[in-house]
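Structure file data_7.pdb with PDB, C-alpha atoms and all ligand atoms:
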```pdb
ATOM      1  CA  MET A   1      42.109  -7.567  -7.018  1.00  0.00           C
ATOM      2  CA  SER A   2      38.774  -7.016  -5.344  1.00  0.00           C
ATOM      3  CA  ALA A   3      38.501  -6.024  -1.698  1.00  0.00           C
ATOM      4  CA  PRO A   4      37.543  -8.812   0.732  1.00  0.00           C
ATOM      5  CA  GLU A   5      33.843  -9.008   1.542  1.00  0.00           C
ATOM      6  CA  GLU A   6      32.714  -7.725   4.910  1.00  0.00           C
ATOM      7  CA  GLU A   7      31.770 -10.261   7.589  1.00  0.00           C
ATOM      8  CA  PRO A   8      27.972 -10.407   7.610  1.00  0.00           C
ATOM      9  CA  ILE A   9      26.224  -8.984  10.654  1.00  0.00           C
ATOM     10  CA  ILE A  10      23.186 -11.134   9.922  1.00  0.00           C
ATOM     11  CA  PHE A  11      23.515 -14.203   7.723  1.00  0.00           C
ATOM     12  CA  ALA A  12      20.877 -16.602   6.341  1.00  0.00           C
ATOM     13  CA  PRO A  13      18.236 -16.261   9.055  1.00  0.00           C
ATOM     14  CA  GLU A  14      16.175 -19.385   9.475  1.00  0.00           C
ATOM     15  CA  THR A  15      13.191 -19.766   7.171  1.00  0.00           C
ATOM     16  CA  PHE A  16      10.579 -22.353   6.296  1.00  0.00           C
ATOM     17  CA  GLN A  17       8.988 -24.264   3.432  1.00  0.00           C
ATOM     18  CA  TYR A  18       5.821 -23.003   1.802  1.00  0.00           C
ATOM     19  CA  ASN A  19       3.520 -25.953   1.483  1.00  0.00           C
ATOM     20  CA  LYS A  20      -0.076 -24.994   2.141  1.00  0.00           C
ATOM     21  CA  TYR A  21      -1.812 -24.342  -1.163  1.00  0.00           C
ATOM     22  CA  SER A  22      -1.282 -24.302  -4.926  1.00  0.00           C
ATOM     23  CA  LEU A  23      -2.503 -22.032  -7.735  1.00  0.00           C
ATOM     24  CA  ASP A  24      -3.060 -22.734 -11.440  1.00  0.00           C
ATOM     25  CA  ILE A  25      -4.441 -20.688 -14.332  1.00  0.00           C
ATOM     26  CA  GLY A  26      -7.514 -22.959 -14.246  1.00  0.00           C
ATOM     27  CA  ASP A  27      -8.149 -21.963 -10.606  1.00  0.00           C
ATOM     28  CA  VAL A  28      -8.220 -18.208 -10.992  1.00  0.00           C
ATOM     29  CA  GLU A  29     -11.026 -15.825 -11.927  1.00  0.00           C
ATOM     30  CA  LYS A  30     -10.944 -14.205 -15.385  1.00  0.00           C
ATOM     31  CA  ASP A  31     -10.942 -10.793 -13.770  1.00  0.00           C
ATOM     32  CA  PRO A  32      -8.065 -10.085 -11.364  1.00  0.00           C
ATOM     33  CA  ILE A  33     -10.239  -7.733  -9.314  1.00  0.00           C
ATOM     34  CA  GLU A  34     -12.498 -10.716  -8.561  1.00  0.00           C
ATOM     35  CA  GLN A  35      -9.489 -12.901  -7.825  1.00  0.00           C
ATOM     36  CA  PHE A  36      -8.103 -10.240  -5.477  1.00  0.00           C
ATOM     37  CA  THR A  37     -11.475  -9.900  -3.734  1.00  0.00           C
ATOM     38  CA  LYS A  38     -11.486 -13.647  -3.131  1.00  0.00           C
ATOM     39  CA  TRP A  39      -7.954 -13.755  -1.689  1.00  0.00           C
ATOM     40  CA  PHE A  40      -8.482 -10.596   0.346  1.00  0.00           C
ATOM     41  CA  LYS A  41     -11.619 -12.071   1.900  1.00  0.00           C
ATOM     42  CA  GLU A  42      -9.754 -15.259   2.751  1.00  0.00           C
ATOM     43  CA  ALA A  43      -6.980 -13.194   4.362  1.00  0.00           C
ATOM     44  CA  THR A  44      -9.340 -10.969   6.357  1.00  0.00           C
ATOM     45  CA  ASP A  45     -11.437 -13.971   7.470  1.00  0.00           C
ATOM     46  CA  ASP A  46      -8.324 -15.710   8.791  1.00  0.00           C
ATOM     47  CA  PRO A  47      -7.818 -14.835  12.483  1.00  0.00           C
ATOM     48  CA  ASP A  48      -4.103 -15.646  12.146  1.00  0.00           C
ATOM     49  CA  GLU A  49      -3.659 -13.106   9.367  1.00  0.00           C
ATOM     50  CA  THR A  50      -3.271  -9.902  11.381  1.00  0.00           C
ATOM     51  CA  LEU A  51      -3.637  -6.638   9.483  1.00  0.00           C
ATOM     52  CA  ALA A  52      -4.426  -8.230   6.127  1.00  0.00           C
ATOM     53  CA  GLU A  53      -4.983  -4.731   4.727  1.00  0.00           C
ATOM     54  CA  ALA A  54      -1.389  -3.632   5.404  1.00  0.00           C
ATOM     55  CA  VAL A  55       0.341  -3.155   2.081  1.00  0.00           C
ATOM     56  CA  THR A  56       3.754  -1.993   0.900  1.00  0.00           C
ATOM     57  CA  PHE A  57       3.400   1.046  -1.319  1.00  0.00           C
ATOM     58  CA  ALA A  58       6.425   1.730  -3.523  1.00  0.00           C
ATOM     59  CA  THR A  59       7.139   4.896  -5.473  1.00  0.00           C
ATOM     60  CA  ALA A  60      10.066   6.322  -7.423  1.00  0.00           C
ATOM     61  CA  GLU A  61      11.107   9.922  -7.790  1.00  0.00           C
ATOM     62  CA  LEU A  62      12.114  11.242 -11.190  1.00  0.00           C
ATOM     63  CA  PRO A  63      14.547  12.238 -12.539  1.00  0.00           C
ATOM     64  CA  SER A  64      16.718  10.853  -9.717  1.00  0.00           C
ATOM     65  CA  GLY A  65      15.153   7.368  -9.940  1.00  0.00           C
ATOM     66  CA  ARG A  66      15.336   7.081  -6.145  1.00  0.00           C
ATOM     67  CA  VAL A  67      12.882   4.462  -4.952  1.00  0.00           C
ATOM     68  CA  SER A  68      11.064   4.492  -1.637  1.00  0.00           C
ATOM     69  CA  SER A  69       8.493   2.233  -0.037  1.00  0.00           C
ATOM     70  CA  ARG A  70       6.419   2.197   3.116  1.00  0.00           C
ATOM     71  CA  ILE A  71       3.501   0.308   4.639  1.00  0.00           C
ATOM     72  CA  LEU A  72       0.038   1.839   4.203  1.00  0.00           C
ATOM     73  CA  LEU A  73      -3.433   0.538   4.879  1.00  0.00           C
ATOM     74  CA  PHE A  74      -5.391  -0.476   1.797  1.00  0.00           C
ATOM     75  CA  LYS A  75      -8.830   1.058   2.167  1.00  0.00           C
ATOM     76  CA  GLU A  76     -10.871   0.713  -0.995  1.00  0.00           C
ATOM     77  CA  LEU A  77     -11.228  -1.366  -4.132  1.00  0.00           C
ATOM     78  CA  ASP A  78     -13.498  -0.425  -7.021  1.00  0.00           C
ATOM     79  CA  VAL A  79     -13.631  -1.536 -10.656  1.00  0.00           C
ATOM     80  CA  ARG A  80     -10.857   0.947 -11.487  1.00  0.00           C
ATOM     81  CA  GLY A  81      -8.355   0.065  -8.809  1.00  0.00           C
ATOM     82  CA  PHE A  82      -6.860   0.043  -5.331  1.00  0.00           C
ATOM     83  CA  THR A  83      -7.030   3.115  -3.068  1.00  0.00           C
ATOM     84  CA  VAL A  84      -4.777   4.149  -0.191  1.00  0.00           C
ATOM     85  CA  TYR A  85      -5.076   7.287   1.928  1.00  0.00           C
ATOM     86  CA  SER A  86      -2.350   9.675   2.953  1.00  0.00           C
ATOM     87  CA  ASN A  87      -0.931  13.180   3.005  1.00  0.00           C
ATOM     88  CA  TRP A  88      -0.226  14.308  -0.554  1.00  0.00           C
ATOM     89  CA  GLU A  89       1.543  17.550   0.210  1.00  0.00           C
ATOM     90  CA  THR A  90       4.463  17.123   2.565  1.00  0.00           C
ATOM     91  CA  SER A  91       5.252  13.396   2.542  1.00  0.00           C
ATOM     92  CA  LYS A  92       7.991  11.640   0.624  1.00  0.00           C
ATOM     93  CA  LYS A  93       5.427   9.613  -1.308  1.00  0.00           C
ATOM     94  CA  ALA A  94       3.720  12.891  -2.288  1.00  0.00           C
ATOM     95  CA  ARG A  95       7.015  14.172  -3.677  1.00  0.00           C
ATOM     96  CA  ASP A  96       7.543  10.921  -5.591  1.00  0.00           C
ATOM     97  CA  ILE A  97       4.035  10.806  -7.061  1.00  0.00           C
ATOM     98  CA  GLN A  98       4.247  14.423  -8.222  1.00  0.00           C
ATOM     99  CA  SER A  99       7.248  13.574 -10.376  1.00  0.00           C
ATOM    100  CA  ASN A 100       6.206  10.047 -11.376  1.00  0.00           C
ATOM    101  CA  PRO A 101       2.629   8.784 -11.102  1.00  0.00           C
ATOM    102  CA  HIS A 102       3.581   5.090 -11.320  1.00  0.00           C
ATOM    103  CA  ALA A 103       3.449   3.027  -8.140  1.00  0.00           C
ATOM    104  CA  ALA A 104       3.365  -0.543  -6.870  1.00  0.00           C
ATOM    105  CA  LEU A 105       1.497  -2.215  -4.036  1.00  0.00           C
ATOM    106  CA  THR A 106       2.601  -5.500  -2.448  1.00  0.00           C
ATOM    107  CA  PHE A 107       0.479  -7.510  -0.042  1.00  0.00           C
ATOM    108  CA  PHE A 108       1.995 -10.369   1.952  1.00  0.00           C
ATOM    109  CA  TRP A 109      -0.354 -12.767   3.707  1.00  0.00           C
ATOM    110  CA  LYS A 110       2.002 -14.846   5.780  1.00  0.00           C
ATOM    111  CA  ASN A 111      -0.399 -17.454   7.068  1.00  0.00           C
ATOM    112  CA  SER A 112      -1.750 -18.338   3.622  1.00  0.00           C
ATOM    113  CA  GLN A 113       1.760 -18.026   2.118  1.00  0.00           C
ATOM    114  CA  ARG A 114       0.513 -15.592  -0.506  1.00  0.00           C
ATOM    115  CA  GLN A 115       1.764 -12.420  -2.101  1.00  0.00           C
ATOM    116  CA  VAL A 116      -0.116 -10.077  -4.444  1.00  0.00           C
ATOM    117  CA  ARG A 117       1.754  -7.469  -6.492  1.00  0.00           C
ATOM    118  CA  ILE A 118      -0.089  -4.623  -8.195  1.00  0.00           C
ATOM    119  CA  GLU A 119       1.550  -2.144 -10.551  1.00  0.00           C
ATOM    120  CA  GLY A 120       0.241   0.790 -12.512  1.00  0.00           C
ATOM    121  CA  PRO A 121      -0.266   4.516 -12.823  1.00  0.00           C
ATOM    122  CA  THR A 122      -1.979   6.376 -10.010  1.00  0.00           C
ATOM    123  CA  GLU A 123      -4.644   9.063  -9.854  1.00  0.00           C
ATOM    124  CA  PHE A 124      -6.191  11.035  -7.025  1.00  0.00           C
ATOM    125  CA  VAL A 125      -9.729   9.996  -6.165  1.00  0.00           C
ATOM    126  CA  SER A 126     -12.481  12.649  -6.124  1.00  0.00           C
ATOM    127  CA  ARG A 127     -12.827  14.955  -3.112  1.00  0.00           C
ATOM    128  CA  GLN A 128     -16.161  13.313  -2.464  1.00  0.00           C
ATOM    129  CA  LEU A 129     -14.537   9.883  -2.022  1.00  0.00           C
ATOM    130  CA  SER A 130     -11.733  11.248   0.178  1.00  0.00           C
ATOM    131  CA  GLU A 131     -14.278  12.994   2.373  1.00  0.00           C
ATOM    132  CA  ARG A 132     -16.418   9.862   2.618  1.00  0.00           C
ATOM    133  CA  TYR A 133     -13.519   7.903   4.071  1.00  0.00           C
ATOM    134  CA  PHE A 134     -12.229  10.792   6.221  1.00  0.00           C
ATOM    135  CA  LYS A 135     -15.597  10.941   7.990  1.00  0.00           C
ATOM    136  CA  LEU A 136     -15.071   7.367   9.233  1.00  0.00           C
ATOM    137  CA  ARG A 137     -11.796   8.197  10.964  1.00  0.00           C
ATOM    138  CA  ALA A 138     -11.574   8.652  14.728  1.00  0.00           C
ATOM    139  CA  ARG A 139     -11.634  12.303  15.844  1.00  0.00           C
ATOM    140  CA  GLY A 140      -8.007  12.091  17.022  1.00  0.00           C
ATOM    141  CA  SER A 141      -6.886  10.806  13.616  1.00  0.00           C
ATOM    142  CA  LYS A 142      -8.770  13.612  11.879  1.00  0.00           C
ATOM    143  CA  ILE A 143      -6.997  16.166  14.049  1.00  0.00           C
ATOM    144  CA  GLY A 144      -3.692  14.386  13.429  1.00  0.00           C
ATOM    145  CA  ALA A 145      -4.168  14.688   9.673  1.00  0.00           C
ATOM    146  CA  TRP A 146      -4.530  18.470  10.073  1.00  0.00           C
ATOM    147  CA  ALA A 147      -1.744  18.827  12.632  1.00  0.00           C
ATOM    148  CA  SER A 148       1.090  16.683  11.328  1.00  0.00           C
ATOM    149  CA  PRO A 149       3.300  17.844   8.429  1.00  0.00           C
ATOM    150  CA  GLN A 150       3.922  14.236   7.453  1.00  0.00           C
ATOM    151  CA  SER A 151       7.570  13.352   6.812  1.00  0.00           C
ATOM    152  CA  GLN A 152       8.848  16.889   7.451  1.00  0.00           C
ATOM    153  CA  GLN A 153      11.554  17.349  10.078  1.00  0.00           C
ATOM    154  CA  ILE A 154      10.241  18.552  13.431  1.00  0.00           C
ATOM    155  CA  GLU A 155      12.116  19.669  16.507  1.00  0.00           C
ATOM    156  CA  ASP A 156      10.889  17.072  18.984  1.00  0.00           C
ATOM    157  CA  ARG A 157       7.758  15.316  20.288  1.00  0.00           C
ATOM    158  CA  THR A 158       6.774  18.546  22.042  1.00  0.00           C
ATOM    159  CA  GLU A 159       6.442  20.288  18.691  1.00  0.00           C
ATOM    160  CA  LEU A 160       4.062  17.576  17.477  1.00  0.00           C
ATOM    161  CA  ASP A 161       2.047  17.741  20.702  1.00  0.00           C
ATOM    162  CA  ARG A 162       1.865  21.540  20.395  1.00  0.00           C
ATOM    163  CA  ARG A 163       0.640  21.322  16.791  1.00  0.00           C
ATOM    164  CA  VAL A 164      -2.015  18.803  17.849  1.00  0.00           C
ATOM    165  CA  SER A 165      -3.131  20.997  20.781  1.00  0.00           C
ATOM    166  CA  GLU A 166      -3.459  23.986  18.453  1.00  0.00           C
ATOM    167  CA  LYS A 167      -5.694  22.019  16.104  1.00  0.00           C
ATOM    168  CA  GLU A 168      -7.709  20.601  19.010  1.00  0.00           C
ATOM    169  CA  ALA A 169      -8.388  24.171  20.149  1.00  0.00           C
ATOM    170  CA  GLU A 170      -9.271  25.225  16.613  1.00  0.00           C
ATOM    171  CA  PHE A 171     -11.757  22.372  16.229  1.00  0.00           C
ATOM    172  CA  GLU A 172     -13.265  22.610  19.723  1.00  0.00           C
ATOM    173  CA  GLY A 173     -17.038  22.291  19.433  1.00  0.00           C
ATOM    174  CA  VAL A 174     -16.760  21.258  15.765  1.00  0.00           C
ATOM    175  CA  ASP A 175     -18.451  17.890  15.357  1.00  0.00           C
ATOM    176  CA  ASP A 176     -17.764  17.355  11.705  1.00  0.00           C
ATOM    177  CA  ILE A 177     -14.044  18.031  11.156  1.00  0.00           C
ATOM    178  CA  SER A 178     -13.496  18.513   7.424  1.00  0.00           C
ATOM    179  CA  CYS A 179     -10.989  16.573   5.348  1.00  0.00           C
ATOM    180  CA  PRO A 180      -7.773  18.590   4.874  1.00  0.00           C
ATOM    181  CA  PRO A 181      -7.183  19.601   1.246  1.00  0.00           C
ATOM    182  CA  HIS A 182      -3.786  17.885   1.259  1.00  0.00           C
ATOM    183  CA  TRP A 183      -5.189  14.601   2.552  1.00  0.00           C
ATOM    184  CA  GLY A 184      -7.046  11.954   0.579  1.00  0.00           C
ATOM    185  CA  GLY A 185      -7.116   8.857  -1.548  1.00  0.00           C
ATOM    186  CA  LEU A 186      -4.793   7.793  -4.321  1.00  0.00           C
ATOM    187  CA  ARG A 187      -5.895   4.986  -6.605  1.00  0.00           C
ATOM    188  CA  VAL A 188      -3.467   2.616  -8.276  1.00  0.00           C
ATOM    189  CA  VAL A 189      -5.026   1.663 -11.622  1.00  0.00           C
ATOM    190  CA  PRO A 190      -3.542  -1.790 -12.238  1.00  0.00           C
ATOM    191  CA  LEU A 191      -1.864  -2.753 -15.494  1.00  0.00           C
ATOM    192  CA  GLU A 192      -0.301  -5.823 -13.922  1.00  0.00           C
ATOM    193  CA  ILE A 193      -1.417  -7.960 -10.975  1.00  0.00           C
ATOM    194  CA  GLU A 194       0.474 -11.021  -9.820  1.00  0.00           C
ATOM    195  CA  PHE A 195      -0.921 -13.701  -7.527  1.00  0.00           C
ATOM    196  CA  TRP A 196       1.872 -15.634  -5.853  1.00  0.00           C
ATOM    197  CA  GLN A 197       1.320 -18.821  -3.946  1.00  0.00           C
ATOM    198  CA  GLY A 198       4.267 -20.217  -2.029  1.00  0.00           C
ATOM    199  CA  ARG A 199       5.206 -23.817  -2.864  1.00  0.00           C
ATOM    200  CA  ASN A 200       7.725 -26.361  -1.692  1.00  0.00           C
ATOM    201  CA  CYS A 201      11.441 -25.981  -2.584  1.00  0.00           C
ATOM    202  CA  ARG A 202      10.801 -22.379  -3.672  1.00  0.00           C
ATOM    203  CA  LEU A 203       8.981 -23.658  -6.789  1.00  0.00           C
ATOM    204  CA  HIS A 204       6.165 -21.209  -6.276  1.00  0.00           C
ATOM    205  CA  ASP A 205       3.029 -20.727  -8.373  1.00  0.00           C
ATOM    206  CA  ARG A 206       2.867 -17.292 -10.000  1.00  0.00           C
ATOM    207  CA  ILE A 207      -0.124 -16.248 -12.083  1.00  0.00           C
ATOM    208  CA  VAL A 208       0.126 -12.816 -13.698  1.00  0.00           C
ATOM    209  CA  TYR A 209      -2.615 -10.680 -15.273  1.00  0.00           C
ATOM    210  CA  LYS A 210      -1.355  -8.046 -17.723  1.00  0.00           C
ATOM    211  CA  ARG A 211      -2.906  -5.439 -19.972  1.00  0.00           C
ATOM    212  CA  ASN A 212      -1.465  -2.534 -21.948  1.00  0.00           C
ATOM    213  CA  GLY A 213      -4.031   0.032 -20.910  1.00  0.00           C
ATOM    214  CA  GLU A 214      -6.975   0.347 -18.570  1.00  0.00           C
ATOM    215  CA  HIS A 215      -9.496  -0.446 -21.317  1.00  0.00           C
ATOM    216  CA  ASP A 216      -7.610  -3.392 -22.825  1.00  0.00           C
ATOM    217  CA  PRO A 217      -8.477  -6.998 -21.987  1.00  0.00           C
ATOM    218  CA  TRP A 218      -6.447  -8.884 -19.395  1.00  0.00           C
ATOM    219  CA  LYS A 219      -4.012 -11.552 -20.516  1.00  0.00           C
ATOM    220  CA  ILE A 220      -3.297 -14.283 -17.962  1.00  0.00           C
ATOM    221  CA  VAL A 221       0.066 -16.058 -17.892  1.00  0.00           C
ATOM    222  CA  ARG A 222       2.095 -18.250 -15.563  1.00  0.00           C
ATOM    223  CA  VAL A 223       5.621 -17.082 -14.797  1.00  0.00           C
ATOM    224  CA  ALA A 224       8.521 -19.038 -13.360  1.00  0.00           C
ATOM    225  CA  PRO A 225       9.334 -18.776  -9.652  1.00  0.00           C
TER     226      PRO A 225
HETATM  227  C1  LIG A 301       0.704  -0.876   9.662  1.00  0.00           C
HETATM  228  C2  LIG A 301       0.955   0.520   9.163  1.00  0.00           C
HETATM  229  C3  LIG A 301      -0.071   1.206   8.545  1.00  0.00           C
HETATM  230  C4  LIG A 301       0.128   2.491   8.053  1.00  0.00           C
HETATM  231  N1  LIG A 301      -0.883   3.109   7.377  1.00  0.00           N
HETATM  232  C5  LIG A 301      -0.669   4.329   6.831  1.00  0.00           C
HETATM  233  C6  LIG A 301      -1.671   4.931   6.004  1.00  0.00           C
HETATM  234  O1  LIG A 301      -2.731   4.347   5.710  1.00  0.00           O
HETATM  235  N2  LIG A 301      -1.419   6.169   5.510  1.00  0.00           N
HETATM  236  C7  LIG A 301      -0.246   6.836   5.762  1.00  0.00           C
HETATM  237  O2  LIG A 301      -0.084   7.961   5.275  1.00  0.00           O
HETATM  238  N3  LIG A 301       0.739   6.279   6.503  1.00  0.00           N
HETATM  239  C8  LIG A 301       0.551   5.046   7.045  1.00  0.00           C
HETATM  240  N4  LIG A 301       1.553   4.445   7.787  1.00  0.00           N
HETATM  241  C9  LIG A 301       2.814   5.198   7.985  1.00  0.00           C
HETATM  242  C10 LIG A 301       3.691   5.055   6.714  1.00  0.00           C
HETATM  243  O3  LIG A 301       4.346   3.805   6.724  1.00  0.00           O
HETATM  244  C11 LIG A 301       4.757   6.176   6.584  1.00  0.00           C
HETATM  245  O4  LIG A 301       5.486   6.316   7.794  1.00  0.00           O
HETATM  246  C12 LIG A 301       4.145   7.539   6.236  1.00  0.00           C
HETATM  247  O5  LIG A 301       3.076   7.415   5.318  1.00  0.00           O
HETATM  248  C13 LIG A 301       5.185   8.471   5.651  1.00  0.00           C
HETATM  249  O6  LIG A 301       5.732   7.899   4.487  1.00  0.00           O
HETATM  250  P1  LIG A 301       6.562   8.726   3.397  1.00  0.00           P
HETATM  251  O7  LIG A 301       7.450   9.692   4.114  1.00  0.00           O
HETATM  252  O8  LIG A 301       7.329   7.701   2.640  1.00  0.00           O
HETATM  253  O9  LIG A 301       5.587   9.439   2.516  1.00  0.00           O
HETATM  254  C14 LIG A 301       1.386   3.140   8.258  1.00  0.00           C
HETATM  255  C15 LIG A 301       2.412   2.437   8.873  1.00  0.00           C
HETATM  256  C16 LIG A 301       2.208   1.141   9.318  1.00  0.00           C
HETATM  257  C17 LIG A 301       3.352   0.385   9.947  1.00  0.00           C
END
```

What does the file become when written as structure tokens?
Amino acid sequence: MSAPEEEPIIFAPETFQYNKYSLDIGDVEKDPIEQFTKWFKEATDDPDETLAEAVTFATAELPSGRVSSRILLFKELDVRGFTVYSNWETSKKARDIQSNPHAALTFFWKNSQRQVRIEGPTEFVSRQLSERYFKLRARGSKIGAWASPQSQQIEDRTELDRRVSEKEAEFEGVDDISCPPHWGGLRVVPLEIEFWQGRNCRLHDRIVYKRNGEHDPWKIVRVAP
């Protein structure tokens, strides 16, 4: 006999119908990078779509298979793929990527009732590209990237403030703070990209682009909601 289920703490929170737009194979671009560019522009142009560049970045450590995900800011798209920036030495995602280069990105644009899922192997971008983006960051964020051992346990807020003060002193008078060696861009090279458009009664439109390898042609299919 199975044990009785626990009483839920939260149960079936209220939700809504998705009824704004539709999506068909005939509507999408042949190249998913172009399709993404179109949807991303629509999301960033929409004043109700705050932080359209926020994306869930999922990784899995091997051999344990433990999965983790977190929100990052999507910063760059080129013909090869989608780049995010982070600490690749001390963070949990760094640990995951070292053991397993595969990752997934998920965008959710609430106002347009759209989701985009991107899956594929990752690769570090060149130092030159990481430095190009690092230069654009605010001075405080540059110092933070040097000072903070991302995702490592620290004693308290005072320890973080002390680390930041040390780096501020080190960089005093330095106009052009360099990009830390452990910090930079990671590109997800897509092998699969799904465009999801919410529809009524949960009968959503899902158009998926797939390819076996980076140099293979894309195949476009519709999948069931
Ligand atoms: C809106 C938002 C944007 C974020 N952007 C980034 C980012 O671009 N890079 C980053 O390293 N962490 C970013 N973070 C923090 C991450 O979610 C996470 O706390 C951090 O990267 C450590 O993750 P990890 O321990 O899983 O590696 C962001 C968090 C939020 C909520």

task = Compare A:Phe11, A:Tyr21, A:Phe36, A:Phe57 by their minimum atom-to-atom distance to ligand LIG 301 (chain A), counting all atoms listed in the file, and give me the closest one.
result =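 Nearest to ligand LIG 301 (chain A): A:Phe57.
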
Name the residues, by chain letter and number, that sit within 12 Å of ligand LIG 301 (chain A) using all atoms listed in the file, and give them as a PDB file with C-alpha atoms, in the frame of the given file.
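Listed below is the output, out.pdb:
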```pdb
ATOM      1  CA  THR A  50      -3.271  -9.902  11.381  1.00  0.00           C
ATOM      2  CA  LEU A  51      -3.637  -6.638   9.483  1.00  0.00           C
ATOM      3  CA  ALA A  52      -4.426  -8.230   6.127  1.00  0.00           C
ATOM      4  CA  GLU A  53      -4.983  -4.731   4.727  1.00  0.00           C
ATOM      5  CA  ALA A  54      -1.389  -3.632   5.404  1.00  0.00           C
ATOM      6  CA  VAL A  55       0.341  -3.155   2.081  1.00  0.00           C
ATOM      7  CA  THR A  56       3.754  -1.993   0.900  1.00  0.00           C
ATOM      8  CA  PHE A  57       3.400   1.046  -1.319  1.00  0.00           C
ATOM      9  CA  ALA A  58       6.425   1.730  -3.523  1.00  0.00           C
ATOM     10  CA  THR A  59       7.139   4.896  -5.473  1.00  0.00           C
ATOM     11  CA  ALA A  60      10.066   6.322  -7.423  1.00  0.00           C
ATOM     12  CA  GLU A  61      11.107   9.922  -7.790  1.00  0.00           C
ATOM     13  CA  ARG A  66      15.336   7.081  -6.145  1.00  0.00           C
ATOM     14  CA  VAL A  67      12.882   4.462  -4.952  1.00  0.00           C
ATOM     15  CA  SER A  68      11.064   4.492  -1.637  1.00  0.00           C
ATOM     16  CA  SER A  69       8.493   2.233  -0.037  1.00  0.00           C
ATOM     17  CA  ARG A  70       6.419   2.197   3.116  1.00  0.00           C
ATOM     18  CA  ILE A  71       3.501   0.308   4.639  1.00  0.00           C
ATOM     19  CA  LEU A  72       0.038   1.839   4.203  1.00  0.00           C
ATOM     20  CA  LEU A  73      -3.433   0.538   4.879  1.00  0.00           C
ATOM     21  CA  PHE A  74      -5.391  -0.476   1.797  1.00  0.00           C
ATOM     22  CA  LYS A  75      -8.830   1.058   2.167  1.00  0.00           C
ATOM     23  CA  GLU A  76     -10.871   0.713  -0.995  1.00  0.00           C
ATOM     24  CA  THR A  83      -7.030   3.115  -3.068  1.00  0.00           C
ATOM     25  CA  VAL A  84      -4.777   4.149  -0.191  1.00  0.00           C
ATOM     26  CA  TYR A  85      -5.076   7.287   1.928  1.00  0.00           C
ATOM     27  CA  SER A  86      -2.350   9.675   2.953  1.00  0.00           C
ATOM     28  CA  ASN A  87      -0.931  13.180   3.005  1.00  0.00           C
ATOM     29  CA  TRP A  88      -0.226  14.308  -0.554  1.00  0.00           C
ATOM     30  CA  GLU A  89       1.543  17.550   0.210  1.00  0.00           C
ATOM     31  CA  THR A  90       4.463  17.123   2.565  1.00  0.00           C
ATOM     32  CA  SER A  91       5.252  13.396   2.542  1.00  0.00           C
ATOM     33  CA  LYS A  92       7.991  11.640   0.624  1.00  0.00           C
ATOM     34  CA  LYS A  93       5.427   9.613  -1.308  1.00  0.00           C
ATOM     35  CA  ALA A  94       3.720  12.891  -2.288  1.00  0.00           C
ATOM     36  CA  ARG A  95       7.015  14.172  -3.677  1.00  0.00           C
ATOM     37  CA  ASP A  96       7.543  10.921  -5.591  1.00  0.00           C
ATOM     38  CA  ILE A  97       4.035  10.806  -7.061  1.00  0.00           C
ATOM     39  CA  GLN A  98       4.247  14.423  -8.222  1.00  0.00           C
ATOM     40  CA  PHE A 107       0.479  -7.510  -0.042  1.00  0.00           C
ATOM     41  CA  TYR A 133     -13.519   7.903   4.071  1.00  0.00           C
ATOM     42  CA  PHE A 134     -12.229  10.792   6.221  1.00  0.00           C
ATOM     43  CA  ARG A 137     -11.796   8.197  10.964  1.00  0.00           C
ATOM     44  CA  SER A 141      -6.886  10.806  13.616  1.00  0.00           C
ATOM     45  CA  GLY A 144      -3.692  14.386  13.429  1.00  0.00           C
ATOM     46  CA  ALA A 145      -4.168  14.688   9.673  1.00  0.00           C
ATOM     47  CA  SER A 148       1.090  16.683  11.328  1.00  0.00           C
ATOM     48  CA  PRO A 149       3.300  17.844   8.429  1.00  0.00           C
ATOM     49  CA  GLN A 150       3.922  14.236   7.453  1.00  0.00           C
ATOM     50  CA  SER A 151       7.570  13.352   6.812  1.00  0.00           C
ATOM     51  CA  GLN A 152       8.848  16.889   7.451  1.00  0.00           C
ATOM     52  CA  GLN A 153      11.554  17.349  10.078  1.00  0.00           C
ATOM     53  CA  HIS A 182      -3.786  17.885   1.259  1.00  0.00           C
ATOM     54  CA  TRP A 183      -5.189  14.601   2.552  1.00  0.00           C
ATOM     55  CA  GLY A 184      -7.046  11.954   0.579  1.00  0.00           C
ATOM     56  CA  GLY A 185      -7.116   8.857  -1.548  1.00  0.00           C
ATOM     57  CA  LEU A 186      -4.793   7.793  -4.321  1.00  0.00           C
TER      58      LEU A 186
END
```

inquiry  = Here is a test: counting all atoms listed in the file, which residue of A:Lys20, A:Lys30, A:Lys142, A:Arg163 is nearest to Trp218 (chain A)?
reply    =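 Closest to Trp218 (chain A), using all atoms listed in the file: A:Lys30.
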
inquiry  = Nearest residue to Thr15 (chain A) out of A:Lys135, A:Ala103, A:Cys201, A:Gln35, using all atoms listed in the file?
reply    =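 Comparing A:Lys135, A:Ala103, A:Cys201, A:Gln35 against Thr15 (chain A), the winner is A:Cys201.
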
task = For CA of Glu42 (chain A) and CA of Arg202 (chain A), determine how far apart the two atoms are, in Å to one decimal place.
result = 22.7 Å

query = Out of A:Val164, A:Ala104, A:Leu62, A:Val28, which residue has the shortest atom-to-atom distance to Asp205 (chain A) when counting all atoms listed in the file?
reply = A:Val28

Distance in Å - CA of Thr106 (chain A) versus CA of Glu119 (chain A) =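 Taking CA of Thr106 (chain A) and CA of Glu119 (chain A), their separation equals 8.8 Å.
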
inquiry  = So the first atom is CA of Val223 (chain A) and the second is CA of His204 (chain A); what is the distance between them in Å, to one decimal place?
reply    =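 Going from CA of Val223 (chain A) over to CA of His204 (chain A), I get 9.5 Å.
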
Mind working out the centre and edge lengths of an axis-aligned box for region 129-144 of chain A, all listed atoms inside, 3 Å added to each side, rounded to one decimal in Å and written as AutoDock Vina command-line options?
```
--center_x -10.1 --center_y 11.8 --center_z 7.5 --size_x 18.7 --size_y 14.8 --size_z 25.0
```
